[in-house]
Every structure is written in C-alpha cells, then in structure tokens.
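Have a look at my_file32.cif below; it lists mmCIF, C-alpha atoms.
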```
data_model
#
loop_
_atom_site.group_PDB
_atom_site.id
_atom_site.type_symbol
_atom_site.label_atom_id
_atom_site.label_comp_id
_atom_site.auth_asym_id
_atom_site.auth_seq_id
_atom_site.Cartn_x
_atom_site.Cartn_y
_atom_site.Cartn_z
ATOM 1 C CA MET A 162 218.898 42.944 -52.099
ATOM 2 C CA GLN A 163 215.756 44.898 -52.682
ATOM 3 C CA ILE A 164 213.544 44.651 -55.749
ATOM 4 C CA GLU A 165 212.372 48.040 -57.034
ATOM 5 C CA ARG A 166 209.681 48.512 -59.650
ATOM 6 C CA TYR A 167 209.292 51.548 -61.936
ATOM 7 C CA GLU A 168 206.245 52.839 -63.782
ATOM 8 C CA THR A 169 204.180 50.019 -62.346
ATOM 9 C CA GLY A 170 200.683 49.354 -63.601
ATOM 10 C CA LYS A 171 198.145 46.634 -62.910
ATOM 11 C CA ARG A 172 199.675 44.221 -65.425
ATOM 12 C CA MET A 173 203.389 45.051 -65.449
ATOM 13 C CA SER A 174 206.204 47.387 -64.556
ATOM 14 C CA GLN A 175 208.203 49.164 -67.246
ATOM 15 C CA GLY A 176 211.381 48.392 -65.333
ATOM 16 C CA VAL A 177 212.514 46.316 -62.371
ATOM 17 C CA THR A 178 215.890 46.611 -60.657
ATOM 18 C CA TYR A 179 217.494 43.810 -58.703
ATOM 19 C CA GLY A 180 221.042 42.701 -58.016
ATOM 20 C CA GLY A 181 222.681 45.580 -59.885
ATOM 21 C CA PHE A 182 220.609 45.080 -63.045
ATOM 22 C CA VAL A 183 217.532 46.641 -64.590
ATOM 23 C CA PHE A 184 215.110 44.481 -66.548
ATOM 24 C CA LEU A 185 212.960 46.526 -68.910
ATOM 25 C CA ALA A 186 209.599 45.389 -70.173
ATOM 26 C CA GLY A 187 209.374 44.953 -73.922
ATOM 27 C CA GLN A 188 208.997 48.444 -75.340
ATOM 28 C CA VAL A 189 206.772 49.254 -78.305
ATOM 29 C CA ALA A 190 206.262 52.545 -80.108
ATOM 30 C CA ILE A 191 203.259 53.737 -78.127
ATOM 31 C CA ASP A 192 203.979 57.264 -79.377
ATOM 32 C CA ALA A 193 204.256 56.145 -83.022
ATOM 33 C CA PRO A 194 201.825 53.268 -83.672
ATOM 34 C CA GLY A 195 201.502 52.450 -87.354
ATOM 35 C CA ALA A 196 204.644 54.410 -88.262
ATOM 36 C CA SER A 197 207.506 52.961 -90.291
ATOM 37 C CA VAL A 198 209.892 50.463 -88.710
ATOM 38 C CA ARG A 199 212.593 53.146 -88.598
ATOM 39 C CA GLU A 200 210.267 55.619 -86.855
ATOM 40 C CA GLN A 201 209.021 52.989 -84.414
ATOM 41 C CA THR A 202 212.577 51.895 -83.606
ATOM 42 C CA THR A 203 213.601 55.526 -83.022
ATOM 43 C CA ASN A 204 210.626 56.019 -80.689
ATOM 44 C CA ILE A 205 211.371 52.816 -78.769
ATOM 45 C CA LEU A 206 215.061 53.600 -78.323
ATOM 46 C CA ALA A 207 214.202 57.058 -76.954
ATOM 47 C CA ARG A 208 211.863 55.381 -74.444
ATOM 48 C CA ILE A 209 214.590 52.897 -73.501
ATOM 49 C CA THR A 210 217.133 55.694 -73.012
ATOM 50 C CA ARG A 211 214.703 57.538 -70.725
ATOM 51 C CA LEU A 212 213.906 54.410 -68.708
ATOM 52 C CA LEU A 213 217.578 53.508 -68.331
ATOM 53 C CA GLU A 214 218.475 57.007 -67.195
ATOM 54 C CA SER A 215 215.604 57.013 -64.682
ATOM 55 C CA VAL A 216 217.192 54.063 -62.843
ATOM 56 C CA GLY A 217 220.812 55.239 -63.085
ATOM 57 C CA SER A 218 221.873 53.365 -66.215
ATOM 58 C CA ASN A 219 222.485 54.204 -69.872
ATOM 59 C CA PRO A 220 222.924 52.479 -73.258
ATOM 60 C CA THR A 221 226.608 51.691 -72.578
ATOM 61 C CA ARG A 222 225.456 49.429 -69.707
ATOM 62 C CA ILE A 223 223.145 47.170 -71.763
ATOM 63 C CA VAL A 224 224.174 43.530 -71.473
ATOM 64 C CA SER A 225 221.359 41.773 -73.334
ATOM 65 C CA THR A 226 218.695 42.733 -75.851
ATOM 66 C CA THR A 227 215.842 40.856 -77.473
ATOM 67 C CA ILE A 228 214.185 42.394 -80.515
ATOM 68 C CA TRP A 229 210.920 41.134 -81.931
ATOM 69 C CA LEU A 230 209.932 42.160 -85.464
ATOM 70 C CA ALA A 231 206.449 41.651 -86.858
ATOM 71 C CA ASP A 232 208.124 41.053 -90.237
ATOM 72 C CA ILE A 233 211.744 39.885 -90.392
ATOM 73 C CA SER A 234 212.097 41.566 -93.799
ATOM 74 C CA SER A 235 212.302 44.866 -91.855
ATOM 75 C CA PHE A 236 215.535 43.675 -90.158
ATOM 76 C CA GLU A 237 217.771 46.089 -92.093
ATOM 77 C CA ASP A 238 215.509 49.102 -91.470
ATOM 78 C CA MET A 239 215.491 48.393 -87.735
ATOM 79 C CA ASN A 240 219.266 47.812 -87.738
ATOM 80 C CA ALA A 241 219.915 51.154 -89.468
ATOM 81 C CA VAL A 242 218.445 52.934 -86.421
ATOM 82 C CA TRP A 243 219.830 50.466 -83.862
ATOM 83 C CA ASP A 244 223.392 50.708 -85.213
ATOM 84 C CA ALA A 245 223.341 54.512 -84.995
ATOM 85 C CA TRP A 246 222.021 54.377 -81.411
ATOM 86 C CA VAL A 247 224.300 51.748 -79.830
ATOM 87 C CA PRO A 248 227.438 53.418 -78.482
ATOM 88 C CA SER A 249 230.572 52.283 -80.324
ATOM 89 C CA GLY A 250 232.240 49.398 -78.519
ATOM 90 C CA HIS A 251 229.169 48.695 -76.346
ATOM 91 C CA ALA A 252 227.094 46.304 -78.455
ATOM 92 C CA PRO A 253 225.173 43.944 -76.151
ATOM 93 C CA ALA A 254 224.424 40.265 -76.612
ATOM 94 C CA ARG A 255 221.364 40.315 -78.870
ATOM 95 C CA ALA A 256 218.706 38.126 -80.425
ATOM 96 C CA THR A 257 216.269 39.235 -83.111
ATOM 97 C CA VAL A 258 213.248 37.150 -84.058
ATOM 98 C CA GLU A 259 210.036 37.455 -86.020
ATOM 99 C CA ALA A 260 206.891 37.297 -83.911
ATOM 100 C CA ARG A 261 203.305 38.441 -83.852
ATOM 101 C CA LEU A 262 203.242 41.514 -81.611
ATOM 102 C CA ALA A 263 200.530 42.848 -79.284
ATOM 103 C CA GLY A 264 198.728 44.658 -82.096
ATOM 104 C CA PRO A 265 199.026 45.149 -85.848
ATOM 105 C CA GLU A 266 200.031 48.792 -85.309
ATOM 106 C CA PHE A 267 203.329 47.654 -83.796
ATOM 107 C CA ALA A 268 206.197 46.498 -86.004
ATOM 108 C CA VAL A 269 208.984 46.339 -83.398
ATOM 109 C CA GLU A 270 209.330 45.458 -79.722
ATOM 110 C CA ILE A 271 212.599 45.661 -77.790
ATOM 111 C CA GLY A 272 213.451 44.185 -74.385
ATOM 112 C CA ILE A 273 216.586 45.197 -72.476
ATOM 113 C CA ILE A 274 218.638 44.010 -69.517
ATOM 114 C CA ALA A 275 221.284 46.479 -68.343
ATOM 115 C CA ALA A 276 223.651 46.991 -65.446
ATOM 116 C CA VAL A 277 222.742 49.831 -63.103
ATOM 117 C CA GLY A 278 225.409 52.342 -62.109
ATOM 118 C CA ASN A 279 228.449 53.770 -63.829
#
```
As a first step, turn the structure in this file into structure tokens.
Amino acid sequence: MQIERYETGKRMSQGVTYGGFVFLAGQVAIDAPGASVREQTTNILARITRLLESVGSNPTRIVSTTIWLADISSFEDMNAVWDAWVPSGHAPARATVEARLAGPEFAVEIGIIAAVGN
C-alpha cells in the first residue's frame, strides 16, 4: 500500500491516505481566527469537508474524531454546529477535551480519520 500526502508543508501534511483511510491534521479556523466558537466550528467543518472530498471521502465516511476546545464551557456551542453538520445515522466515534491550542485566537481544533471511497 502506498502512502499519499496532501497539502504538504515543511512541518506537516493536511491529510495522509493509507490502507483505505485518510488521516487529517487537526484543523483550526485559519479563515476565522478570533471568531466565536460557532463560527470557528463552521469554518473548520467546511475545511474538513473540502479535504475529505479532495481524497475521495465525505462526512458519512468519518470513523473517528477528536475535538479540542480551548474552553470546555463552549461544548454546547460547538455541538450545535457539529450536530447540524454530521449526516444523520453517521456519527463517528468521538472524544472532546479541553486543551490549550496553538494560539489564543483559536477556540476549536478538530482531527478526523475517515474511510476513503464510497
């Protein structure tokens, strides 16, 4: 099996496929830094959708998700956007934790593992 890397930079790739799966780097709201948790989550999920589609996957194929929140009190705000985005009947295994993120302008980070293909 071949490893393929997508949107690769010096430090990391935004996605790596191997063995029928895609492993996405943790996504932050680079297009909405400092915005509300809901806006940041919306921005991140749009990025995730684009990345998944670029490797032949989609949100129905997500098998595992890790969500990091800078402040766990924003859990419900993040979930309001997440719940509307996850396709009905396709909720992945998920963990959500509070953590200090890469910068104070980021309130949410989301990492995804998904199956590639139909």
Report the closest atom pair, with its distance in Å rounded to one decimal, for each residue of region 223-261 of chain A that has an atom no farther than 9 Å from region 190-213 of chain A; count only C-alpha atoms, sort by chain and then rising residue number, and write it as CSV.
```
residue,atom,partner,partner_atom,distance
A:Leu230,CA,A:Val198,CA,8.9
A:Ser235,CA,A:Val198,CA,6.9
A:Phe236,CA,A:Val198,CA,8.9
A:Asp238,CA,A:Arg199,CA,5.8
A:Met239,CA,A:Arg199,CA,5.6
A:Asn240,CA,A:Arg199,CA,8.6
A:Ala241,CA,A:Arg199,CA,7.6
A:Val242,CA,A:Arg199,CA,6.2
A:Trp243,CA,A:Thr202,CA,7.4
A:Trp246,CA,A:Leu206,CA,7.7
```
Using CA of Leu185 (chain A) and CA of Glu237 (chain A) as the two end points, give the distance in Å to one decimal.
23.7 Å
Quick one: 8 Å padding each side, axis-aligned, all listed atoms of region 197-207 of chain A - centre and edge lengths in Å to one decimal, as AutoDock Vina command-line options?
```
--center_x 211.3 --center_y 53.8 --center_z -83.6 --size_x 23.6 --size_y 22.6 --size_z 29.3
```
I'd like the interatomic distance between CA of Val277 (chain A) and CA of Val216 (chain A), to a tenth of an Å.
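Interatomic distance here is 7.0 Å.
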Find the residues around region 258-273 of chain A up to 6 Å (only C-alpha atoms counted), leave out those fewer than 5 positions away in its own chain, and share them as a list of chain:residue names.
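Answer for this query is A:Leu185, A:Ala186, A:Gly187, A:Gln188, A:Val189, A:Pro194, A:Gly195, A:Ser225, A:Thr226, A:Thr227, A:Ile228, A:Trp229, A:Leu230, A:Ala231, A:Asp232, A:Ile233.
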Could you tell me how far CA of Ala275 (chain A) sits from CA of Ser218 (chain A), in Å to one decimal place?
7.2 Å
Explicit residues for the PyMOL selection byres ((chain A and resi 221) around 10) (as a ChimeraX atom specification):
/A:218-220,222-224,247-253,275-276,279
Could you tell me, as a PDB file with C-alpha atoms, in the frame of the given file, exactly which residues end up selected when the PyMOL selection byres ((chain A and resi 181) around 8) is applied to this structure?
```
ATOM      1  CA  THR A 178     215.890  46.611 -60.657  1.00  0.00           C
ATOM      2  CA  TYR A 179     217.494  43.810 -58.703  1.00  0.00           C
ATOM      3  CA  GLY A 180     221.042  42.701 -58.016  1.00  0.00           C
ATOM      4  CA  PHE A 182     220.609  45.080 -63.045  1.00  0.00           C
ATOM      5  CA  VAL A 183     217.532  46.641 -64.590  1.00  0.00           C
ATOM      6  CA  ALA A 276     223.651  46.991 -65.446  1.00  0.00           C
ATOM      7  CA  VAL A 277     222.742  49.831 -63.103  1.00  0.00           C
ATOM      8  CA  GLY A 278     225.409  52.342 -62.109  1.00  0.00           C
TER       9      GLY A 278
END
```
